[in-house]
Number of protein chains: 2
Amino acid sequence: MDMRELYELCGTAPEVVFSPYCWRVRLALAHKGLDFVSRPVCFTDKEALAFSGQKLVPVLRDGETTLHDSLAIFRYLDERYPGHSLLGGASGESRLRLIDQLIAQDLRPALFRLLVLRIQACIDPADRDYFRQSREKSLGMSLEAFADREAGQAQLARALQPLNAQLAGHRWLDGAAPGGADYLIGGFFFWAWSLGEQPWPEDSPVGAWFRRLLAFCEERLGPVQRAAAI
Amino acid sequence: MDMRELYELCGTAPEVVFSPYCWRVRLALAHKGLDFVSRPVCFTDKEALAFSGQKLVPVLRDGETTLHDSLAIFRYLDERYPGHSLLGGASGESRLRLIDQLIAQDLRPALFRLLVLRIQACIDPADRDYFRQSREKSLGMSLEAFADREAGQAQLARALQPLNAQLAGHRWLDGAAPGGADYLIGGFFFWAWSLGEQPWPEDSPVGAWFRRLLAFCEERLGPVQRAAAI
């Protein structure tokens with residue numbers, strides 16, 4: 001039997017994996033019912049990924065095949081393991097990419113603002129200088145200035161509106177059963193959850209959806225390891 | 001042969017139909033290669049729609065079947081006229097609804113801000129009091145105060161970002177061929193276009209996409225009638 005390996009971002013505790021893009025792939029593997037071995041990698045441990053020809057997680061190694069990029073991995077999984085489609089065909093893939101572009105405006109930046117100091121505290125001490133310098137350069141301010149909770153919560157509230165509207169009428173973002181859109185967007189919620197946070201209201205359609213997604217995930221992959229409080 | 005009729009919103013000139021939701025259905029009918037007769041209806045002419053049991057356009061009458069709501073019409077068309085799917089199956093429909101929720105935050109309100117005085121000028125004089133009063137009540141301000149071009153352009157620029165990102169790599173929002181997402185979102189662009197406006201930059205992926213969508217539409221439905229300048 002070929003071994004499937006998922007290279008994913010970890011903090012000081014290797015069992016706490018928190019990258020939203022790696023979570024997408026974890027959820028997609030759970031959806032397909034595929035086992036995998038987790039290969040936790042720190043931010044600055046680029047050598048561990050050298051075999052993939054690039055520097056970003058997630059990387060999936062499946063027998064002789066090596067892939068990176070969460071949506072490219074979704075496509076590979078649909079081709080290699082048909083049934084229970086993640087993408088929903090060609091137009092389904094395009095719509096996932098469009099949804100990904102749309103949620104990049106509020107959901108991702110809102111959660112990053114709310115999680116950034118948590119990430120800085122959870123990552124390996126050897127990664128902290130790299131993380132601070134690279135992010136402060138792209139943000140144009142200190143992590144502490146960026147981590148404005150009020151601004152983050154306001155942006156998150158805006159980001160949750162369309163998700164709550166969708167989930168008020170449907171059990172999953174993809175309708176009656178969980179699918180690619182649930183994992184694409186769910187990855188961001190697992191990012192917060194695995195870092196020990198839950199900045200969305202428990203008592204909301206999104207809150208109920210995340211609990212369903214968490215149960216779906218833990219049933220298949222075991223308990224999610226969360227970072228301890230700072 | 002059964003006659004297909006599309007009841008759609010018009011202005012003083014009955015050939016200028018401008019509702020974004022009616023445009024979605026026009027484009028969907030063009031996609032399926034289905035003929036239809038346009039039945040232009042003014043805002044306050046509720047009697048014309050009484051047969052449909054509700055007051056909103058678009059209404060599609062197809063033989064014995066009467067439908068309203070653009071996405072419900074997409075679903076009907078896929079069931080009644082299979083092939084060239086609009087929705088792309090159950091998860092495709094859910095993703096269209098999610099995209100619809102996401103673009104309701106910036107794209108729709110930005111264009112409404114930029115178009116509202118144009119709408120007020122184009123609609124039947126008998127509709128103008130109704131339109132002004134109902135919209136001013138829901139906006140909480142006068143149409144003129146709401147029609148702030150600078151704010152509208154800023155919000156539109158934000159709304160176009162994810163569309164431009166998607167269209168930089170793909171010919172259509174739905175990928176290699178136009179589909180449900182192109183018509184769902186395209187309806188808003190035809191709203192502006194039919195009112196004689198084009199508030200997006202011509203020289204952008206979105207600008208090129210709209211020209212393709214316009215050519216697709218005019219090839220099948222004939223020239224789009226646009227409102228004259230105010």
# chains A, B, ... in the order shown; residues from 1 in each chain; ligands from 1
>>> interface_residues(of="chain B", to="chain A", cutoff="9 Å", atoms="only C-alpha atoms", output="PyMOL selection string")
chain B and resi 87-105+158-159+161-163+165-166+170+172-177+179-181
>>> write_last_selection(atoms="N, CA, C and O atoms", output="compact mmCIF listing (two decimals), in the first residue's frame")
# COMPACT_ATOMS: atom_id res chain seq x y z
N LEU B 87 -27.07 25.47 -13.66
CA LEU B 87 -26.74 25.39 -12.24
C LEU B 87 -25.50 24.52 -12.01
O LEU B 87 -24.72 24.80 -11.09
N GLY B 88 -25.34 23.47 -12.82
CA GLY B 88 -24.25 22.53 -12.55
C GLY B 88 -24.58 21.63 -11.38
O GLY B 88 -23.73 21.42 -10.51
N GLY B 89 -25.81 21.13 -11.33
CA GLY B 89 -26.19 20.18 -10.28
C GLY B 89 -26.46 20.85 -8.95
O GLY B 89 -26.45 22.07 -8.82
N ALA B 90 -26.69 19.99 -7.93
CA ALA B 90 -27.12 20.49 -6.61
C ALA B 90 -26.05 21.36 -5.96
O ALA B 90 -26.34 22.45 -5.46
N SER B 91 -24.78 20.90 -5.96
CA SER B 91 -23.75 21.72 -5.31
C SER B 91 -23.52 22.99 -6.13
O SER B 91 -23.21 24.05 -5.59
N GLY B 92 -23.69 22.90 -7.46
CA GLY B 92 -23.56 24.08 -8.30
C GLY B 92 -24.60 25.14 -7.95
O GLY B 92 -24.28 26.33 -7.89
N GLU B 93 -25.82 24.71 -7.69
CA GLU B 93 -26.86 25.67 -7.29
C GLU B 93 -26.52 26.30 -5.94
O GLU B 93 -26.65 27.52 -5.77
N SER B 94 -26.07 25.48 -5.00
CA SER B 94 -25.70 26.04 -3.68
C SER B 94 -24.58 27.06 -3.82
O SER B 94 -24.59 28.11 -3.16
N ARG B 95 -23.61 26.75 -4.67
CA ARG B 95 -22.49 27.70 -4.84
C ARG B 95 -22.96 28.99 -5.51
O ARG B 95 -22.50 30.07 -5.17
N LEU B 96 -23.90 28.88 -6.46
CA LEU B 96 -24.44 30.12 -7.05
C LEU B 96 -25.14 30.96 -5.98
O LEU B 96 -25.01 32.18 -5.96
N ARG B 97 -25.90 30.29 -5.11
CA ARG B 97 -26.59 31.04 -4.05
C ARG B 97 -25.60 31.70 -3.09
O ARG B 97 -25.79 32.82 -2.64
N LEU B 98 -24.51 31.00 -2.82
CA LEU B 98 -23.48 31.58 -1.95
C LEU B 98 -22.81 32.77 -2.64
O LEU B 98 -22.59 33.82 -2.02
N ILE B 99 -22.50 32.61 -3.91
CA ILE B 99 -21.91 33.73 -4.68
C ILE B 99 -22.89 34.91 -4.69
O ILE B 99 -22.48 36.06 -4.51
N ASP B 100 -24.18 34.62 -4.83
CA ASP B 100 -25.19 35.67 -4.82
C ASP B 100 -25.19 36.42 -3.48
O ASP B 100 -25.30 37.65 -3.43
N GLN B 101 -25.06 35.68 -2.39
CA GLN B 101 -24.98 36.32 -1.06
C GLN B 101 -23.71 37.17 -0.96
O GLN B 101 -23.73 38.27 -0.40
N LEU B 102 -22.61 36.66 -1.48
CA LEU B 102 -21.33 37.37 -1.35
C LEU B 102 -21.32 38.66 -2.17
O LEU B 102 -20.85 39.69 -1.69
N ILE B 103 -21.89 38.62 -3.38
CA ILE B 103 -21.85 39.84 -4.21
C ILE B 103 -22.93 40.84 -3.79
O ILE B 103 -22.90 41.98 -4.23
N ALA B 104 -23.85 40.41 -2.93
CA ALA B 104 -24.86 41.35 -2.43
C ALA B 104 -24.25 42.38 -1.48
O ALA B 104 -24.87 43.40 -1.17
N GLN B 105 -23.02 42.13 -1.02
CA GLN B 105 -22.41 43.07 -0.07
C GLN B 105 -21.79 44.28 -0.73
O GLN B 105 -21.79 45.36 -0.13
N ARG B 158 -13.87 47.96 -5.12
CA ARG B 158 -13.69 46.84 -4.19
C ARG B 158 -14.41 45.60 -4.73
O ARG B 158 -13.88 44.49 -4.69
N ALA B 159 -15.63 45.79 -5.23
CA ALA B 159 -16.43 44.67 -5.72
C ALA B 159 -15.80 44.02 -6.95
O ALA B 159 -15.95 42.82 -7.17
N GLN B 161 -12.55 43.77 -7.63
CA GLN B 161 -11.27 43.08 -7.35
C GLN B 161 -11.34 41.56 -7.50
O GLN B 161 -10.58 40.97 -8.27
N PRO B 162 -12.26 40.89 -6.78
CA PRO B 162 -12.29 39.42 -6.91
C PRO B 162 -12.72 38.96 -8.29
O PRO B 162 -12.26 37.91 -8.76
N LEU B 163 -13.55 39.74 -8.97
CA LEU B 163 -13.97 39.36 -10.33
C LEU B 163 -12.80 39.50 -11.29
O LEU B 163 -12.56 38.64 -12.14
N ALA B 165 -9.67 39.28 -10.48
CA ALA B 165 -8.72 38.21 -10.15
C ALA B 165 -9.15 36.90 -10.81
O ALA B 165 -8.34 36.18 -11.39
N GLN B 166 -10.44 36.60 -10.73
CA GLN B 166 -10.95 35.37 -11.33
C GLN B 166 -10.78 35.41 -12.85
O GLN B 166 -10.38 34.42 -13.47
N HIS B 170 -9.19 33.21 -16.40
CA HIS B 170 -10.24 32.45 -17.08
C HIS B 170 -11.05 33.36 -17.97
O HIS B 170 -11.28 34.52 -17.64
N TRP B 172 -14.27 33.03 -18.70
CA TRP B 172 -15.59 33.24 -18.12
C TRP B 172 -15.53 32.99 -16.62
O TRP B 172 -14.65 32.26 -16.15
N LEU B 173 -16.47 33.54 -15.87
CA LEU B 173 -16.50 33.28 -14.43
C LEU B 173 -16.67 31.80 -14.17
O LEU B 173 -16.13 31.26 -13.20
N ASP B 174 -17.41 31.12 -15.04
CA ASP B 174 -17.62 29.67 -14.87
C ASP B 174 -16.55 28.84 -15.59
O ASP B 174 -16.72 27.63 -15.72
N GLY B 175 -15.48 29.46 -16.03
CA GLY B 175 -14.38 28.69 -16.61
C GLY B 175 -14.22 28.90 -18.10
O GLY B 175 -14.12 30.02 -18.58
N ALA B 176 -14.22 27.79 -18.84
CA ALA B 176 -13.93 27.85 -20.28
C ALA B 176 -15.15 28.29 -21.09
O ALA B 176 -15.01 28.77 -22.21
N ALA B 177 -16.35 28.11 -20.55
CA ALA B 177 -17.58 28.48 -21.26
C ALA B 177 -18.47 29.25 -20.31
O ALA B 177 -18.41 29.06 -19.09
N GLY B 179 -21.58 30.29 -18.06
CA GLY B 179 -22.54 29.46 -17.33
C GLY B 179 -23.28 30.27 -16.29
O GLY B 179 -23.27 31.51 -16.31
N GLY B 180 -23.92 29.57 -15.38
CA GLY B 180 -24.78 30.20 -14.38
C GLY B 180 -24.15 31.38 -13.65
O GLY B 180 -24.80 32.40 -13.43
N ALA B 181 -22.87 31.25 -13.27
CA ALA B 181 -22.24 32.34 -12.52
C ALA B 181 -22.08 33.59 -13.39
O ALA B 181 -22.20 34.72 -12.90
>>> residues_around(residues="A:Leu156", least_positions_apart="3", cutoff="9 Å", atoms="only C-alpha atoms", output="VMD selection string")
chain A and resid 106 to 111 114 151 to 153 159 to 161 199 to 200
>>> write_last_selection(atoms="N, CA, C and O atoms", output="PDB file, in the first residue's frame")
ATOM      1  N   ASP A 106     -12.761  39.762   3.061  1.00  0.00           N
ATOM      2  CA  ASP A 106     -13.114  40.037   4.460  1.00  0.00           C
ATOM      3  C   ASP A 106     -12.799  38.875   5.400  1.00  0.00           C
ATOM      4  O   ASP A 106     -12.238  39.094   6.467  1.00  0.00           O
ATOM      5  N   LEU A 107     -13.176  37.675   5.020  1.00  0.00           N
ATOM      6  CA  LEU A 107     -13.053  36.562   5.970  1.00  0.00           C
ATOM      7  C   LEU A 107     -11.597  36.288   6.340  1.00  0.00           C
ATOM      8  O   LEU A 107     -11.251  36.214   7.517  1.00  0.00           O
ATOM      9  N   ARG A 108     -10.756  36.146   5.334  1.00  0.00           N
ATOM     10  CA  ARG A 108      -9.353  35.826   5.611  1.00  0.00           C
ATOM     11  C   ARG A 108      -8.653  36.959   6.370  1.00  0.00           C
ATOM     12  O   ARG A 108      -8.066  36.711   7.426  1.00  0.00           O
ATOM     13  N   PRO A 109      -8.751  38.212   5.883  1.00  0.00           N
ATOM     14  CA  PRO A 109      -8.061  39.280   6.631  1.00  0.00           C
ATOM     15  C   PRO A 109      -8.635  39.529   8.030  1.00  0.00           C
ATOM     16  O   PRO A 109      -7.894  39.860   8.951  1.00  0.00           O
ATOM     17  N   ALA A 110      -9.960  39.361   8.186  1.00  0.00           N
ATOM     18  CA  ALA A 110     -10.549  39.568   9.524  1.00  0.00           C
ATOM     19  C   ALA A 110      -9.985  38.541  10.502  1.00  0.00           C
ATOM     20  O   ALA A 110      -9.573  38.881  11.619  1.00  0.00           O
ATOM     21  N   LEU A 111      -9.960  37.279  10.087  1.00  0.00           N
ATOM     22  CA  LEU A 111      -9.446  36.241  10.985  1.00  0.00           C
ATOM     23  C   LEU A 111      -7.947  36.418  11.204  1.00  0.00           C
ATOM     24  O   LEU A 111      -7.450  36.211  12.318  1.00  0.00           O
ATOM     25  N   LEU A 114      -7.427  38.851  13.878  1.00  0.00           N
ATOM     26  CA  LEU A 114      -7.805  38.338  15.196  1.00  0.00           C
ATOM     27  C   LEU A 114      -6.857  37.233  15.681  1.00  0.00           C
ATOM     28  O   LEU A 114      -6.809  36.947  16.881  1.00  0.00           O
ATOM     29  N   ALA A 151     -11.537  46.236  15.217  1.00  0.00           N
ATOM     30  CA  ALA A 151     -11.572  46.258  13.747  1.00  0.00           C
ATOM     31  C   ALA A 151     -11.738  44.842  13.204  1.00  0.00           C
ATOM     32  O   ALA A 151     -12.486  44.613  12.252  1.00  0.00           O
ATOM     33  N   GLY A 152     -11.046  43.889  13.802  1.00  0.00           N
ATOM     34  CA  GLY A 152     -11.135  42.501  13.354  1.00  0.00           C
ATOM     35  C   GLY A 152     -12.540  41.952  13.538  1.00  0.00           C
ATOM     36  O   GLY A 152     -13.077  41.292  12.645  1.00  0.00           O
ATOM     37  N   GLN A 153     -13.146  42.243  14.683  1.00  0.00           N
ATOM     38  CA  GLN A 153     -14.498  41.737  14.940  1.00  0.00           C
ATOM     39  C   GLN A 153     -15.515  42.385  14.000  1.00  0.00           C
ATOM     40  O   GLN A 153     -16.444  41.720  13.548  1.00  0.00           O
ATOM     41  N   ALA A 159     -18.016  39.658   7.227  1.00  0.00           N
ATOM     42  CA  ALA A 159     -17.698  38.439   6.474  1.00  0.00           C
ATOM     43  C   ALA A 159     -18.692  37.316   6.760  1.00  0.00           C
ATOM     44  O   ALA A 159     -18.951  36.475   5.893  1.00  0.00           O
ATOM     45  N   LEU A 160     -19.237  37.304   7.979  1.00  0.00           N
ATOM     46  CA  LEU A 160     -20.142  36.210   8.351  1.00  0.00           C
ATOM     47  C   LEU A 160     -21.549  36.401   7.796  1.00  0.00           C
ATOM     48  O   LEU A 160     -22.288  35.417   7.654  1.00  0.00           O
ATOM     49  N   GLN A 161     -21.926  37.634   7.475  1.00  0.00           N
ATOM     50  CA  GLN A 161     -23.297  37.908   6.976  1.00  0.00           C
ATOM     51  C   GLN A 161     -23.726  36.992   5.824  1.00  0.00           C
ATOM     52  O   GLN A 161     -24.745  36.321   5.918  1.00  0.00           O
ATOM     53  N   PRO A 199     -13.738  33.067  17.288  1.00  0.00           N
ATOM     54  CA  PRO A 199     -14.210  34.457  17.303  1.00  0.00           C
ATOM     55  C   PRO A 199     -15.605  34.662  16.715  1.00  0.00           C
ATOM     56  O   PRO A 199     -16.081  35.800  16.700  1.00  0.00           O
ATOM     57  N   TRP A 200     -16.253  33.625  16.209  1.00  0.00           N
ATOM     58  CA  TRP A 200     -17.610  33.766  15.674  1.00  0.00           C
ATOM     59  C   TRP A 200     -18.618  33.374  16.748  1.00  0.00           C
ATOM     60  O   TRP A 200     -18.294  32.596  17.649  1.00  0.00           O
TER      61      TRP A 200
END
>>> calpha_fit_and_write(fixed="chain B", moving="chain A", output="compact mmCIF listing (two decimals) with C-alpha atoms, in the first residue's frame")
# COMPACT_ATOMS: atom_id res chain seq x y z
CA MET A 1 -45.93 25.44 -30.06
CA ASP A 2 -46.20 26.86 -26.57
CA MET A 3 -45.28 30.49 -26.27
CA ARG A 4 -42.66 31.47 -23.72
CA GLU A 5 -43.18 34.88 -22.11
CA LEU A 6 -40.79 36.82 -19.91
CA TYR A 7 -42.34 39.54 -17.77
CA GLU A 8 -39.63 42.06 -17.08
CA LEU A 9 -39.19 45.55 -15.72
CA CYS A 10 -39.16 48.43 -18.22
CA GLY A 11 -38.85 52.19 -18.15
CA THR A 12 -40.70 54.85 -20.13
CA ALA A 13 -39.44 53.15 -23.28
CA PRO A 14 -40.88 49.61 -23.10
CA GLU A 15 -37.96 48.20 -25.10
CA VAL A 16 -35.48 49.28 -22.41
CA VAL A 17 -35.59 46.47 -19.85
CA PHE A 18 -33.10 46.96 -17.06
CA SER A 19 -33.76 44.80 -13.98
CA PRO A 20 -30.62 42.82 -13.12
CA TYR A 21 -32.72 39.81 -12.10
CA CYS A 22 -34.65 39.88 -15.40
CA TRP A 23 -31.32 40.10 -17.26
CA ARG A 24 -30.22 36.92 -15.52
CA VAL A 25 -33.20 35.12 -17.02
CA ARG A 26 -32.69 36.68 -20.48
CA LEU A 27 -29.10 35.43 -20.45
CA ALA A 28 -30.19 32.00 -19.19
CA LEU A 29 -32.76 31.71 -22.00
CA ALA A 30 -30.07 32.73 -24.51
CA HIS A 31 -27.78 30.06 -22.99
CA LYS A 32 -30.44 27.40 -23.54
CA GLY A 33 -31.23 28.70 -27.04
CA LEU A 34 -34.88 29.30 -26.10
CA ASP A 35 -37.04 31.95 -27.79
CA PHE A 36 -39.28 34.14 -25.71
CA VAL A 37 -41.61 37.10 -26.02
CA SER A 38 -40.79 40.05 -23.77
CA ARG A 39 -43.66 41.40 -21.70
CA PRO A 40 -42.44 44.74 -20.33
CA VAL A 41 -44.02 45.79 -17.04
CA CYS A 42 -43.68 49.07 -15.13
CA PHE A 43 -42.83 49.20 -11.42
CA THR A 44 -46.37 50.01 -10.31
CA ASP A 45 -48.22 47.81 -12.80
CA LYS A 46 -48.79 44.99 -10.33
CA GLU A 47 -51.94 43.83 -12.14
CA ALA A 48 -49.90 42.58 -15.06
CA LEU A 49 -48.26 40.08 -12.69
CA ALA A 50 -51.36 39.11 -10.70
CA PHE A 51 -51.59 35.79 -12.57
CA SER A 52 -48.23 34.78 -11.02
CA GLY A 53 -49.54 35.09 -7.46
CA GLN A 54 -46.83 37.57 -6.44
CA LYS A 55 -45.56 41.04 -7.34
CA LEU A 56 -41.95 40.65 -8.45
CA VAL A 57 -40.32 40.34 -11.85
CA PRO A 58 -38.90 38.32 -13.48
CA VAL A 59 -41.84 36.05 -14.16
CA LEU A 60 -41.46 33.36 -16.79
CA ARG A 61 -44.56 31.80 -18.32
CA ASP A 62 -43.69 28.66 -20.26
CA GLY A 63 -46.82 26.93 -21.54
CA GLU A 64 -48.78 25.98 -18.43
CA THR A 65 -45.91 26.74 -16.05
CA THR A 66 -45.47 30.08 -14.26
CA LEU A 67 -42.31 30.82 -12.30
CA HIS A 68 -40.67 33.72 -10.52
CA ASP A 69 -37.26 34.22 -8.84
CA SER A 70 -34.22 34.09 -11.13
CA LEU A 71 -32.54 31.08 -9.52
CA ALA A 72 -35.80 29.12 -9.37
CA ILE A 73 -36.14 29.84 -13.08
CA PHE A 74 -32.57 28.58 -13.68
CA ARG A 75 -33.52 25.34 -11.91
CA TYR A 76 -36.73 24.97 -13.91
CA LEU A 77 -34.87 25.52 -17.19
CA ASP A 78 -32.29 22.86 -16.27
CA GLU A 79 -35.07 20.38 -15.44
CA ARG A 80 -37.31 21.16 -18.42
CA TYR A 81 -34.49 21.66 -20.97
CA PRO A 82 -31.56 19.44 -19.93
CA GLY A 83 -28.15 19.91 -21.49
CA HIS A 84 -25.96 23.00 -21.15
CA SER A 85 -26.67 23.07 -17.42
CA LEU A 86 -27.02 26.49 -15.86
CA LEU A 87 -26.74 25.38 -12.23
CA GLY A 88 -24.26 22.52 -12.55
CA GLY A 89 -26.19 20.17 -10.28
CA ALA A 90 -27.13 20.49 -6.62
CA SER A 91 -23.76 21.72 -5.30
CA GLY A 92 -23.57 24.08 -8.30
CA GLU A 93 -26.87 25.66 -7.29
CA SER A 94 -25.72 26.04 -3.68
CA ARG A 95 -22.50 27.70 -4.83
CA LEU A 96 -24.44 30.11 -7.05
CA ARG A 97 -26.60 31.04 -4.05
CA LEU A 98 -23.50 31.58 -1.95
CA ILE A 99 -21.92 33.73 -4.67
CA ASP A 100 -25.19 35.67 -4.83
CA GLN A 101 -24.99 36.32 -1.07
CA LEU A 102 -21.34 37.37 -1.35
CA ILE A 103 -21.86 39.85 -4.21
CA ALA A 104 -24.87 41.35 -2.44
CA GLN A 105 -22.40 43.07 -0.08
CA ASP A 106 -20.56 45.29 -2.54
CA LEU A 107 -21.43 44.76 -6.19
CA ARG A 108 -25.18 45.25 -5.98
CA PRO A 109 -25.16 48.22 -3.57
CA ALA A 110 -22.25 49.92 -5.40
CA LEU A 111 -24.07 49.75 -8.73
CA PHE A 112 -27.37 50.78 -7.14
CA ARG A 113 -25.69 53.88 -5.76
CA LEU A 114 -24.25 54.70 -9.18
CA LEU A 115 -27.50 53.96 -11.06
CA VAL A 116 -30.26 55.16 -8.76
CA LEU A 117 -30.77 58.60 -10.31
CA ARG A 118 -30.62 57.05 -13.76
CA ILE A 119 -33.35 54.60 -12.76
CA GLN A 120 -35.45 57.43 -11.37
CA ALA A 121 -35.10 59.32 -14.67
CA CYS A 122 -35.76 56.29 -16.91
CA ILE A 123 -38.82 54.81 -15.26
CA ASP A 124 -42.35 55.69 -16.17
CA PRO A 125 -43.39 59.04 -14.63
CA ALA A 126 -46.24 57.18 -12.90
CA ASP A 127 -43.63 55.03 -11.10
CA ARG A 128 -41.39 57.84 -9.87
CA ASP A 129 -43.20 58.72 -6.65
CA TYR A 130 -43.44 55.05 -5.69
CA PHE A 131 -39.78 54.42 -6.47
CA ARG A 132 -38.52 57.50 -4.62
CA GLN A 133 -40.66 56.94 -1.53
CA SER A 134 -40.00 53.21 -1.17
CA ARG A 135 -36.26 53.52 -1.76
CA GLU A 136 -35.76 56.63 0.37
CA LYS A 137 -37.56 54.86 3.20
CA SER A 138 -35.30 51.81 3.03
CA LEU A 139 -32.13 53.88 2.47
CA GLY A 140 -32.97 56.36 5.20
CA MET A 141 -31.91 59.28 2.97
CA SER A 142 -32.82 61.05 -0.25
CA LEU A 143 -31.91 59.39 -3.55
CA GLU A 144 -29.68 62.38 -4.29
CA ALA A 145 -27.75 62.00 -1.02
CA PHE A 146 -27.37 58.26 -1.62
CA ALA A 147 -26.14 58.75 -5.20
CA ASP A 148 -22.64 59.74 -4.05
CA ARG A 149 -20.51 58.88 -7.08
CA GLU A 150 -17.22 58.84 -5.21
CA ALA A 151 -18.53 56.39 -2.60
CA GLY A 152 -20.16 54.30 -5.32
CA GLN A 153 -16.98 54.14 -7.39
CA ALA A 154 -14.88 53.19 -4.34
CA GLN A 155 -17.29 50.39 -3.44
CA LEU A 156 -17.45 49.25 -7.05
CA ALA A 157 -13.64 49.11 -7.25
CA ARG A 158 -13.69 46.84 -4.20
CA ALA A 159 -16.42 44.67 -5.72
CA LEU A 160 -14.50 44.29 -8.99
CA GLN A 161 -11.26 43.06 -7.35
CA PRO A 162 -12.27 39.41 -6.91
CA LEU A 163 -13.96 39.35 -10.31
CA ASN A 164 -10.85 40.73 -11.99
CA ALA A 165 -8.70 38.19 -10.15
CA GLN A 166 -10.93 35.36 -11.31
CA LEU A 167 -11.13 36.64 -14.89
CA ALA A 168 -7.39 37.26 -15.17
CA GLY A 169 -6.96 33.50 -15.42
CA HIS A 170 -10.22 32.42 -17.06
CA ARG A 171 -12.32 33.54 -20.01
CA TRP A 172 -15.59 33.24 -18.11
CA LEU A 173 -16.50 33.29 -14.42
CA ASP A 174 -17.61 29.67 -14.86
CA GLY A 175 -14.36 28.69 -16.59
CA ALA A 176 -13.92 27.85 -20.26
CA ALA A 177 -17.56 28.47 -21.24
CA PRO A 178 -20.19 30.91 -19.92
CA GLY A 179 -22.54 29.46 -17.33
CA GLY A 180 -24.77 30.20 -14.40
CA ALA A 181 -22.24 32.35 -12.52
CA ASP A 182 -21.70 34.53 -15.58
CA TYR A 183 -25.44 35.20 -15.90
CA LEU A 184 -26.00 35.59 -12.15
CA ILE A 185 -23.32 38.29 -11.93
CA GLY A 186 -23.67 39.49 -15.52
CA GLY A 187 -27.25 40.56 -14.79
CA PHE A 188 -25.87 43.41 -12.65
CA PHE A 189 -23.64 44.59 -15.47
CA PHE A 190 -26.55 44.56 -17.95
CA TRP A 191 -28.52 46.60 -15.41
CA ALA A 192 -25.97 49.40 -15.79
CA TRP A 193 -25.45 48.87 -19.51
CA SER A 194 -29.17 48.98 -20.40
CA LEU A 195 -29.51 52.18 -18.37
CA GLY A 196 -26.80 53.71 -20.61
CA GLU A 197 -23.96 53.46 -18.07
CA GLN A 198 -20.69 51.57 -17.89
CA PRO A 199 -19.10 52.43 -14.55
CA TRP A 200 -16.40 49.71 -14.73
CA PRO A 201 -13.08 50.23 -16.54
CA GLU A 202 -13.21 49.08 -20.15
CA ASP A 203 -9.54 48.11 -19.96
CA SER A 204 -9.73 45.39 -17.29
CA PRO A 205 -10.47 41.67 -17.19
CA VAL A 206 -14.04 42.51 -16.16
CA GLY A 207 -14.35 44.97 -19.06
CA ALA A 208 -13.21 42.33 -21.56
CA TRP A 209 -15.51 39.72 -19.99
CA PHE A 210 -18.53 42.03 -20.23
CA ARG A 211 -17.80 42.65 -23.93
CA ARG A 212 -17.74 38.88 -24.49
CA LEU A 213 -20.99 38.46 -22.57
CA LEU A 214 -22.61 41.31 -24.52
CA ALA A 215 -21.54 39.73 -27.84
CA PHE A 216 -22.87 36.34 -26.65
CA CYS A 217 -26.16 37.98 -25.73
CA GLU A 218 -26.61 40.14 -28.86
CA GLU A 219 -25.80 37.23 -31.13
CA ARG A 220 -28.71 35.33 -29.65
CA LEU A 221 -31.22 38.00 -28.61
CA GLY A 222 -30.43 40.90 -30.94
CA PRO A 223 -29.13 44.37 -30.02
CA VAL A 224 -29.54 45.44 -26.39
CA GLN A 225 -31.75 48.52 -26.18
CA ARG A 226 -30.13 51.16 -23.97
CA ALA A 227 -31.69 54.19 -22.34
CA ALA A 228 -30.79 57.50 -23.96
CA ALA A 229 -28.57 59.89 -22.00
CA ILE A 230 -30.49 61.87 -19.36
>>> select_by_dssp(residues="stretch 36-211 of chain B", states="helix (DSSP H, G or I)", output="PyMOL selection string")
chain B and resi 46-52+70-80+89-103+107-122+125-139+143-146+149-169+180-194+205-211
>>> decode(residues="stretch 96-104 of chain B", atoms="N, CA and C atoms", output="tab-separated table (two decimals), in the first residue's frame")
chain	number	residue	atom	x	y	z
B	96	LEU	N	-23.90	28.88	-6.46
B	96	LEU	CA	-24.44	30.12	-7.05
B	96	LEU	C	-25.14	30.96	-5.98
B	97	ARG	N	-25.90	30.29	-5.11
B	97	ARG	CA	-26.59	31.04	-4.05
B	97	ARG	C	-25.60	31.70	-3.09
B	98	LEU	N	-24.51	31.00	-2.82
B	98	LEU	CA	-23.48	31.58	-1.95
B	98	LEU	C	-22.81	32.77	-2.64
B	99	ILE	N	-22.50	32.61	-3.91
B	99	ILE	CA	-21.91	33.73	-4.68
B	99	ILE	C	-22.89	34.91	-4.69
B	100	ASP	N	-24.18	34.62	-4.83
B	100	ASP	CA	-25.19	35.67	-4.82
B	100	ASP	C	-25.19	36.42	-3.48
B	101	GLN	N	-25.06	35.68	-2.39
B	101	GLN	CA	-24.98	36.32	-1.06
B	101	GLN	C	-23.71	37.17	-0.96
B	102	LEU	N	-22.61	36.66	-1.48
B	102	LEU	CA	-21.33	37.37	-1.35
B	102	LEU	C	-21.32	38.66	-2.17
B	103	ILE	N	-21.89	38.62	-3.38
B	103	ILE	CA	-21.85	39.84	-4.21
B	103	ILE	C	-22.93	40.84	-3.79
B	104	ALA	N	-23.85	40.41	-2.93
B	104	ALA	CA	-24.86	41.35	-2.43
B	104	ALA	C	-24.25	42.38	-1.48
